Each structure stands twice: as C-alpha cells, then as structure tokens.
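Novice: The structure is given below, and queries will be raised subsequently.
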Amino acid sequence: MIRYLLFHLLFFSTGIAFSQHTYQVTGKVDALKEGDKIFLIYNSGDQQKVDSTLVKNARFEFKGKLEVPVLASLFLHDNPYVTKNTSARNWDYLRFYLEPLPIKMQAADSLKHLQITNSPSNQLHKELQGMLKENDREYSDFVKAAHKLSPDRKKDKAVYDSLATIENELLQQSYEIHLAFAEKHPDAYVALISLDHVAAQKGMSERAGKVYERVSPALKNTPLGKGIPVKLVALERTAIGAIAPDFEQRTPEGKLIKLSSYNQKKYVLVDFWASWCGPCREENPNLTKAYEQYKDKGFTVLGVSLDNPGQKNAWLKAIEKDGLVWTQVSDLKGWENEATKMYGIRGIPANFLLDPSGKIIAKDLRGEELHEELKRIFKD
C-alpha cells in the first residue's frame, strides 16, 4: 500500500503566459565560488533536458525555449543522473517551476535557499502548498506510523484495512483542495495540473468537468489540457465488466505491442509500475510467483512502466533484477504515459485483470488477493 507518498512532489502548481516562449533564469548566490558548475534539469515532452553553466561573480544564467511551465531542478557541482547518489552525499539543489519568462533568484548561502521573483507559476505554487500544508503534515505522520508497524501487523487484514481507510480519507481531502484551487484559478496552468489529478478520481469527474469548462481555450489546447477529457471518462471506461481500453506501446527492444492483440486466449494482468516505485518493486516477487504458478494454465502479464524520459536504463535494470520475464512496454513519459491517462491511473502499483475477451474482471489485485482470484479462475 502507501502508493501516493511522492504525490505532492509531482503536482506543484503553476501559472502560464502563452505569449512568450523564451525562459531566462538569472541567479545570484553570495557563497558560490568562481567556476562552480550549476546544472539545470527538466523534462520537455518525452525528453530530459540538461544544461549547465559556470558561476561568475557569484552569478549564473540559463536561457532556452519552453512552451509551458515545467518542474525543473538546479544542482550544484554534479548532474545527479550521471553522478551516483550515496546516502552520505549532501546535494545542494532547488526544485522550482521553470516557465517562459525572465525569472530572478537570489540567496546568501546555497541553491536550496534561493528566493524566486517575477514568476507567477512559483507564486501560485506557494499558494497551493499553503492550502495543502495541513494535509501534507497529516499524511506524513500517517506514513511514518505505518512504516513503524511490524511486518506481522502490516500483514494483518484488519490493520491493513484500517490503514487503507485512513489513507483514502487523507487523499480525498487533498483532492478536494486541488479542485478548490482549480476553481479559484481556472486560467492558470495549475488548473490543468490539479484537474489532471482529480479528473479520474471516483465521485469527482462531474465537478472537475464543470471546472474544465471554465478553462481557457489556450490551456485546453496544451498536451495536458487535451488529456483531461480522456481522464474524465476513465472510471467509466475501466469499470468492472467493461472492455479494457486499447493501447499500443513499445518494448525495450522497440517492438510495438497492442493490448487487444496480446495473448487473446489468456487472462492478462495489465500491471502499471515503475523502477522508482518502492511499493511496486516490493510487489514484484508476489507477481512473479503468481506468473510462474499459472502461466501454463492460461495466465500472463503485460507490464506498463511509468519510468521517466531518459530513464530507460533504470527500467531495464529493474526488469532484470526483479526477474520480470513477461512482456514489458512503456513510452517513457512518466506520469504522462498515454495508457495511464486512458486508465485514470493516479497511483502505482495498479493493475487490471482481463479475461480472454478483453473484459475487465478485477482491479488492483495484490498479495494474496491476486492468488485467490487466480485460484478461483483456474480451479478446474
């Protein structure tokens, strides 16, 4: 369980100015030394962008082209995707929203203390953080308490159900906050991010749809905006008894796999996961056990990875290390994976069990639940 621990890191808020497509970041940190190297890292579409510059007179600058605001990071000295991270390493970095505007930053001692000005996106980001602050604190306390439980307590069904109930209540509170924020700022890019998050949540699609109607045409025309209508109907399209939405993605070797033509005579578990997802990796041994037990009886798995742009090697290493011998596909777009939009995936691990006709017969089967369902199916 605990599937949403990194949620608030993924859904910071932003504003947007569509008339400009050039970003300029100018910063000054008094403690920086001449020649210090700073990296700027962000994702644009399905590509990871990396830029670097040298500090001169305690100042640094970045320029580039950008269509919409994106979550970005500044790192001092090293690119963390090249330099291996260790528990002993103390990274000096800043996560912020890069947007097509001239953004100014200033601090006395380090990147992580940079104060940002002239950035509507980051200002709105602070506003949303303030609205989520209490919910974040309660969720953090909940996660810490859950992690302290003994393995036996975690396996106890009554304890598990209680934790799931608390987690769902906290998540529902966060969804309401995001929806309220989107209603307050329908013409800011944050409306898309917040709506994107709640659009596929149970009981919220109707209200989210009404807010979406108020979003400006320019926002609706962005890739994120175009995907929201798909998510608004995702719950209905992935209900038990519905034919699973079809999609097509590539294997690590580049072969296109279409769900509707994948092992049509078998029961297929469509498993959404990622190499960076701890709970997913913890569930993989259980999934491997189920696969080995029932693969000759008419059961198989199709793995769909939410790994990020530029992280193909991490995906491949996880497949090898976890012994995932079934077919794996991904478009390497992280949370923007096209299949996740169609299925309304807002947390992983997540899975859908399909019968040989392609009909969804169960969802989110993990642990013993997966084995019990397969045992029921193949009892004869």
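Chain identifiers are assigned as A, B, and so on, following the order in which chains appear in the structure tokens; residues are numbered from 1 within each chain, and ligands are numbered from 1 in order of appearance.
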Need the shell around region 53-55 of chain A: protein/DNA/RNA residues with any atom at most 8 Å away, counting only C-alpha atoms. Skip same-chain ones fewer than 3 positions apart. Format as a ChimeraX atom specification?
Specialist: /A:32-39,58-62
Novice: Selected residues, C-alpha atoms, written as a short mmCIF file (atom, residue, chain, number, x, y, z; two decimals), in the first residue's frame, please.
Specialist:
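Contents of the output file again.cif:
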```
data_model
loop_
_atom_site.label_atom_id
_atom_site.label_comp_id
_atom_site.auth_asym_id
_atom_site.auth_seq_id
_atom_site.Cartn_x
_atom_site.Cartn_y
_atom_site.Cartn_z
CA LEU A 32 29.19 30.47 -4.69
CA LYS A 33 32.80 30.31 -5.86
CA GLU A 34 34.20 31.38 -9.18
CA GLY A 35 33.93 28.49 -11.64
CA ASP A 36 31.36 26.49 -9.65
CA LYS A 37 29.21 24.45 -12.02
CA ILE A 38 25.41 24.51 -11.91
CA PHE A 39 23.12 22.10 -13.76
CA ALA A 58 28.57 34.66 -7.72
CA ARG A 59 26.07 34.77 -10.60
CA PHE A 60 24.69 32.23 -13.07
CA GLU A 61 22.31 32.35 -16.01
CA PHE A 62 20.29 29.96 -18.18
#
```
Novice: Give me, as an MDAnalysis selection string, all polymer residues having an atom no more than 8 Å from region 324-331 of chain A, counting only C-alpha atoms and skipping those fewer than 4 positions away in the same chain.
Specialist: chainID A and resid 249:252 257 284 288 300:307 319:320 337:338
Novice: Report, in Å with one decimal, the straight-line distance from CA of Ala208 (chain A) to CA of Asn221 (chain A).
Specialist: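 If I compute the distance from CA of Ala208 (chain A) to CA of Asn221 (chain A), I get 17.1 Å.
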Novice: Pick out each residue of region 197-353 of chain A that DSSP on the backbone tags as alpha helix (DSSP H); I need them as a PyMOL selection string.
Specialist: chain A and resi 197-198+205-214+217-220+223-232+234-237+278-294+312-322+338-343
Novice: Applying 9 Å and only C-alpha atoms, which residues near Phe378 (chain A) remain after dropping the ones on its own chain fewer than 2 positions away? List them as a PyMOL selection string.
Specialist: chain A and resi 294+297-298+373-376+380
Novice: So which one's closest to Ala108 (chain A), A:Lys258, A:Ala31, A:Thr238, A:Trp315? Using only C-alpha atoms, please.
Specialist: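 Smallest separation from Ala108 (chain A) among the options: A:Ala31.
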Novice: Identify which of the residues A:Ala200, A:Leu40, A:Leu114, A:Leu179 lies closest to Leu76 (chain A), counting only C-alpha atoms when measuring atom-to-atom distances.
Specialist: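 Ranked by minimum distance to Leu76 (chain A), first place goes to A:Leu40.
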Novice: Write out as a PyMOL selection string the set of residues from region 102-180 of chain A that DSSP, computed on the backbone, places in strand (DSSP E).
Specialist: chain A and resi 102-107+115-117
Novice: Go ahead and dump the residues you just picked, C-alpha atoms, as an mmCIF file, in the first residue's frame.
Specialist:
```cif
data_model
loop_
_atom_site.group_PDB
_atom_site.id
_atom_site.type_symbol
_atom_site.label_atom_id
_atom_site.label_comp_id
_atom_site.auth_asym_id
_atom_site.auth_seq_id
_atom_site.Cartn_x
_atom_site.Cartn_y
_atom_site.Cartn_z
ATOM 1 C CA PRO A 102 12.625 36.069 -17.128
ATOM 2 C CA ILE A 103 12.940 34.544 -13.635
ATOM 3 C CA LYS A 104 15.209 36.037 -10.973
ATOM 4 C CA MET A 105 16.688 34.184 -7.989
ATOM 5 C CA GLN A 106 18.812 35.270 -5.039
ATOM 6 C CA ALA A 107 20.256 33.728 -1.861
ATOM 7 C CA GLN A 115 14.192 33.221 -3.346
ATOM 8 C CA ILE A 116 12.362 33.484 -6.666
ATOM 9 C CA THR A 117 10.824 36.645 -8.066
#
```
Novice: Compile the contact shell of Ser73 (chain A) as a list in words: residues with an atom at most 7 Å away, counting only C-alpha atoms, same-chain residues fewer than 5 positions apart removed.
Specialist: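 With the cut-off at 7 Å, the set is Leu40, Ile41, Tyr42, Tyr93, Leu94, Arg95 and Phe96 of chain A.
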Novice: Write out as an mmCIF file with N, CA, C and O atoms, in the first residue's frame the residues lying within 12 Å of Glu368 (chain A), counting only C-alpha atoms and excluding same-chain residues fewer than 6 positions away.
Specialist:
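Written file, out31.cif:
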```
data_model
loop_
_atom_site.group_PDB
_atom_site.id
_atom_site.type_symbol
_atom_site.label_atom_id
_atom_site.label_comp_id
_atom_site.auth_asym_id
_atom_site.auth_seq_id
_atom_site.Cartn_x
_atom_site.Cartn_y
_atom_site.Cartn_z
ATOM 1 N N LYS A 155 0.686 -7.313 7.829
ATOM 2 C CA LYS A 155 0.006 -8.396 7.120
ATOM 3 C C LYS A 155 -1.390 -8.673 7.677
ATOM 4 O O LYS A 155 -2.182 -9.365 7.044
ATOM 5 N N ASP A 156 -1.673 -8.139 8.866
ATOM 6 C CA ASP A 156 -2.980 -8.347 9.480
ATOM 7 C C ASP A 156 -4.051 -7.607 8.665
ATOM 8 O O ASP A 156 -3.950 -6.404 8.437
ATOM 9 N N LYS A 157 -5.072 -8.337 8.213
ATOM 10 C CA LYS A 157 -6.076 -7.740 7.329
ATOM 11 C C LYS A 157 -6.815 -6.570 7.983
ATOM 12 O O LYS A 157 -7.089 -5.554 7.334
ATOM 13 N N GLU A 283 6.063 -5.539 -4.557
ATOM 14 C CA GLU A 283 5.009 -6.437 -5.021
ATOM 15 C C GLU A 283 5.494 -7.386 -6.114
ATOM 16 O O GLU A 283 4.898 -8.453 -6.335
ATOM 17 N N ASN A 286 5.732 -11.212 -5.520
ATOM 18 C CA ASN A 286 4.416 -11.836 -5.452
ATOM 19 C C ASN A 286 3.849 -12.041 -6.851
ATOM 20 O O ASN A 286 3.251 -13.086 -7.154
ATOM 21 N N LEU A 287 4.053 -11.048 -7.719
ATOM 22 C CA LEU A 287 3.572 -11.147 -9.093
ATOM 23 C C LEU A 287 4.322 -12.237 -9.846
ATOM 24 O O LEU A 287 3.735 -13.000 -10.623
ATOM 25 N N LYS A 289 5.680 -14.901 -8.540
ATOM 26 C CA LYS A 289 5.192 -16.182 -8.019
ATOM 27 C C LYS A 289 3.881 -16.578 -8.698
ATOM 28 O O LYS A 289 3.698 -17.739 -9.098
ATOM 29 N N ALA A 290 2.970 -15.631 -8.824
ATOM 30 C CA ALA A 290 1.685 -15.908 -9.468
ATOM 31 C C ALA A 290 1.877 -16.270 -10.939
ATOM 32 O O ALA A 290 1.224 -17.192 -11.460
ATOM 33 N N LEU A 374 -6.850 -15.819 -8.972
ATOM 34 C CA LEU A 374 -6.358 -16.759 -9.990
ATOM 35 C C LEU A 374 -6.743 -18.196 -9.637
ATOM 36 O O LEU A 374 -7.059 -18.998 -10.516
ATOM 37 N N LYS A 375 -6.727 -18.515 -8.348
ATOM 38 C CA LYS A 375 -7.133 -19.842 -7.915
ATOM 39 C C LYS A 375 -8.602 -20.076 -8.254
ATOM 40 O O LYS A 375 -8.990 -21.171 -8.700
#
```
Novice: Need to verify the contact set: Arg207 (chain A), 12 Å, only C-alpha atoms, exclusion of same-chain residues closer than 2 positions in sequence. Can you return it as a list in words?
Specialist: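 Near neighbours after the sequence-gap exclusion: Tyr175, Glu176, His178, Leu179, Ala180, Ala182, Glu183, Leu195, Val198, Ala199, Ala200, Gln201, Lys202, Gly203, Met204, Ser205, Gly209, Lys210, Val211, Tyr212, Glu213, Arg214 and Leu232 of chain A.
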Novice: Between CA of Tyr23 (chain A) and CA of Leu101 (chain A), what is the spacing in Å?
Specialist: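 So the two atoms, CA of Leu101 (chain A) and CA of Tyr23 (chain A), lie 4.8 Å apart.
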Novice: Using only C-alpha atoms, find the one residue out of A:Met131, A:Val82, A:Ala314, A:Val270 that sits nearest to Asp364 (chain A).
Specialist: A:Val270
Novice: In Å, how far is it from CA of Arg237 (chain A) to CA of Thr222 (chain A)?
Specialist: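 CA of Arg237 (chain A) sits 23.3 Å away from CA of Thr222 (chain A).
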